[in-house]
Amino acid sequence: MDKQWRGIGWAAGLAAVWLALSAQYTLNEGQKALVVRLGAPVNVDGEPGLKFKLPLVDSVQYYDTRLQMLAPPPEQVILGDEKRLEVETYTRYRIADTLRFYQALRTEEQARAQLTQLVSTSLRRELGKAPLTNLLSPGRRAIVARIQQEVAERARPLGLEVTEVQLHRADLPLETSQAIYDRMKSARQQEAKELRAQGAEWAQQIQAKAERDRTVILSEAQRQSAIIHGEADADAGRTLAQAFSKDPKFYKFYRSLQTYRQSLADSAPTLVLSPDSALLHDLKTGPAGGKP
């Protein structure tokens with residue numbers, strides 16, 4: 001009999017310990033706890049520490065209230081100019097209203113799925129109205145701001161606070177990129193041909209101008225040379241005239257010597273002349289006409 005009572009006592013003690021432990025729960029920093037009593041939420045607690053609840057009838061749902069990031073897989077979007085774009089986004093959010101979150105979504109997995117759908121819908125709506133050039137210009141910020149505002153407004157009734165929505169990557173699909181690359185390559189080749197043709201035309205123009213300048217410069221040089229040569233001949237003529245007026249016999253003798261120089265320069269090494277040759281007259285008589 002004592003053993004039976006002792007067993008009952010141990011069982012009651014264990015049950016009391018279990019009930020005492022099940023009536024306690026611990027809340028960590030950055031968490032909120034929602035106490036649900038028989039399926040109905042009764043309390044939201046955000047203060048960290050040791051907490052108490054009714055055993056057997058109360059259950060606790062824990063939610064992380066810190067800032068979280070959602071990065072769904074890339075998706076293809078058709079832009080306003082009918083171009084396809086592969087877009088990858090990321091979203092930062094937190095659970096702002098625990099009770100509303102529990103009533104609308106219950107779990108964080110469901111929240112991430114719902115938020116992914118909201119971002120995708122807003123993204124397709126805004127990018128479907130914008131051409132590709134807008135995404136490559138400062139207008140991209142306005143588009144992203146509208147997407148973030150729409151997602152934040154639609155997520156607020158779900159108990160979520162969306163703080164940021166950004167385009168992590170926006171690339172053309174591989175087949176579109178290859179087609180654009182081929183068009184760009186063809187355009188650059190055509191541009192290179194045009195530049196080479198234009199360069200050849202400029203080279204011909206420069207060469208023709210250089211030839212004209214050369215002809216003009218040579219003509220001017222020849223004209224200046226003729227003028228200088230004429231002036232020199234005139235000076236030489238005046239000098240010779242002055243010399244002739246001072247001493248006509250010496251001038252005649254000097255001219256004869258020039259004749260000898262020109263005649264003998266083109267002759268053979270040996271020149272045979274008779275003693276009475278007229279060519280030797282001046283050499284025999286001298287400039288004054290006397291005997292040497």
# chains A, B, ... in the order shown; residues from 1 in each chain; ligands from 1
>>> residues_around(residues="Val36 of chain A", least_positions_apart="4", cutoff="7 Å", atoms="only C-alpha atoms", output="list in words")
Ala40, Pro41, Val42, Asp58, Ser59 and Val60 of chain A
>>> write_last_selection(atoms="N, CA and C atoms", output="CSV table (one decimal), in the first residue's frame")
chain,number,residue,atom,x,y,z
A,40,ALA,N,-7.3,30.9,-30.3
A,40,ALA,CA,-7.5,32.4,-30.4
A,40,ALA,C,-6.3,33.1,-29.8
A,41,PRO,N,-5.7,34.1,-30.5
A,41,PRO,CA,-4.6,34.8,-29.9
A,41,PRO,C,-5.1,35.7,-28.8
A,42,VAL,N,-4.4,35.7,-27.7
A,42,VAL,CA,-4.8,36.4,-26.5
A,42,VAL,C,-3.8,37.5,-26.0
A,58,ASP,N,-2.7,27.0,-23.6
A,58,ASP,CA,-2.0,28.1,-24.3
A,58,ASP,C,-0.8,27.5,-25.1
A,59,SER,N,-0.6,28.0,-26.3
A,59,SER,CA,0.5,27.7,-27.1
A,59,SER,C,1.2,29.1,-27.5
A,60,VAL,N,2.5,29.0,-27.8
A,60,VAL,CA,3.2,30.2,-28.1
A,60,VAL,C,3.8,30.1,-29.5
>>> residues_around(residues="Lys129 of chain A", least_positions_apart="5", cutoff="10 Å", atoms="only C-alpha atoms", output="ChimeraX atom specification")
/A:78-82,124,143
>>> closest_residue(among="A:Val87, A:Phe101, A:Leu135, A:Arg94", to="Leu123 of chain A", atoms="only C-alpha atoms")
A:Val87
>>> closest_residue(among="A:Glu47, A:Asp97, A:Glu220, A:Glu86", to="Leu160 of chain A", atoms="only C-alpha atoms")
A:Asp97
>>> select_by_dssp(residues="segment 100-224 of chain A", states="helix (DSSP H, G or I)", output="PyMOL selection string")
chain A and resi 100-104+108-127+132-135+139-158+174-224
>>> select_by_dssp(residues="segment 131-253 of chain A", states="strand (DSSP E or B)", output="list of chain:residue names")
A:Leu160, A:Glu161, A:Val162, A:Thr163, A:Glu164, A:Val165, A:Gln166, A:Leu167, A:His168, A:Arg169, A:Ala170, A:Asp171
>>> write_last_selection(atoms="N, CA, C and O atoms", output="mmCIF file, in the first residue's frame")
data_model
loop_
_atom_site.group_PDB
_atom_site.id
_atom_site.type_symbol
_atom_site.label_atom_id
_atom_site.label_comp_id
_atom_site.auth_asym_id
_atom_site.auth_seq_id
_atom_site.Cartn_x
_atom_site.Cartn_y
_atom_site.Cartn_z
ATOM 1 N N LEU A 160 3.353 43.380 -42.277
ATOM 2 C CA LEU A 160 4.746 43.483 -42.702
ATOM 3 C C LEU A 160 5.105 44.947 -42.985
ATOM 4 O O LEU A 160 4.296 45.701 -43.526
ATOM 5 N N GLU A 161 6.310 45.316 -42.643
ATOM 6 C CA GLU A 161 6.846 46.631 -42.960
ATOM 7 C C GLU A 161 7.997 46.452 -43.961
ATOM 8 O O GLU A 161 9.037 45.894 -43.623
ATOM 9 N N VAL A 162 7.772 46.901 -45.186
ATOM 10 C CA VAL A 162 8.777 46.802 -46.239
ATOM 11 C C VAL A 162 9.606 48.075 -46.232
ATOM 12 O O VAL A 162 9.076 49.171 -46.439
ATOM 13 N N THR A 163 10.895 47.940 -45.994
ATOM 14 C CA THR A 163 11.772 49.113 -45.910
ATOM 15 C C THR A 163 12.559 49.379 -47.188
ATOM 16 O O THR A 163 13.016 50.503 -47.405
ATOM 17 N N GLU A 164 12.725 48.367 -48.020
ATOM 18 C CA GLU A 164 13.535 48.573 -49.222
ATOM 19 C C GLU A 164 13.207 47.511 -50.263
ATOM 20 O O GLU A 164 13.082 46.328 -49.950
ATOM 21 N N VAL A 165 13.071 47.954 -51.511
ATOM 22 C CA VAL A 165 12.960 47.073 -52.674
ATOM 23 C C VAL A 165 13.923 47.614 -53.729
ATOM 24 O O VAL A 165 13.813 48.780 -54.118
ATOM 25 N N GLN A 166 14.850 46.798 -54.171
ATOM 26 C CA GLN A 166 15.859 47.245 -55.130
ATOM 27 C C GLN A 166 16.029 46.213 -56.238
ATOM 28 O O GLN A 166 15.754 45.013 -56.052
ATOM 29 N N LEU A 167 16.486 46.711 -57.402
ATOM 30 C CA LEU A 167 16.844 45.823 -58.508
ATOM 31 C C LEU A 167 18.300 45.399 -58.315
ATOM 32 O O LEU A 167 19.208 46.209 -58.459
ATOM 33 N N HIS A 168 18.476 44.159 -57.951
ATOM 34 C CA HIS A 168 19.841 43.662 -57.746
ATOM 35 C C HIS A 168 20.576 43.459 -59.072
ATOM 36 O O HIS A 168 21.761 43.749 -59.188
ATOM 37 N N ARG A 169 19.847 43.011 -60.074
ATOM 38 C CA ARG A 169 20.447 42.763 -61.390
ATOM 39 C C ARG A 169 19.358 42.854 -62.434
ATOM 40 O O ARG A 169 18.242 42.378 -62.235
ATOM 41 N N ALA A 170 19.680 43.484 -63.558
ATOM 42 C CA ALA A 170 18.748 43.597 -64.677
ATOM 43 C C ALA A 170 19.545 43.400 -65.963
ATOM 44 O O ALA A 170 20.238 44.306 -66.414
ATOM 45 N N ASP A 171 19.455 42.211 -66.530
ATOM 46 C CA ASP A 171 20.217 41.869 -67.730
ATOM 47 C C ASP A 171 19.276 41.391 -68.825
ATOM 48 O O ASP A 171 18.184 40.870 -68.548
#
>>> closest_residue(among="A:Gly39, A:Leu50, A:Ser219, A:Arg154", to="Gln103 of chain A", atoms="only C-alpha atoms")
A:Gly39
>>> atom_distance(atom1="atom CA of Ala155 of chain A", atom2="atom CA of Val35 of chain A")
23.3 Å
>>> atom_distance(atom1="atom CA of Ala96 of chain A", atom2="atom CA of Leu158 of chain A")
9.2 Å
>>> closest_residue(among="A:Ala111, A:Leu38, A:Leu99, A:Leu27", to="Phe52 of chain A", atoms="only C-alpha atoms")
A:Leu27
>>> residues_around(residues="Val119 of chain A", least_positions_apart="3", cutoff="8 Å", atoms="only C-alpha atoms", output="list in words")
Leu115, Thr116, Ser122, Leu123, Ile147 and Val151 of chain A
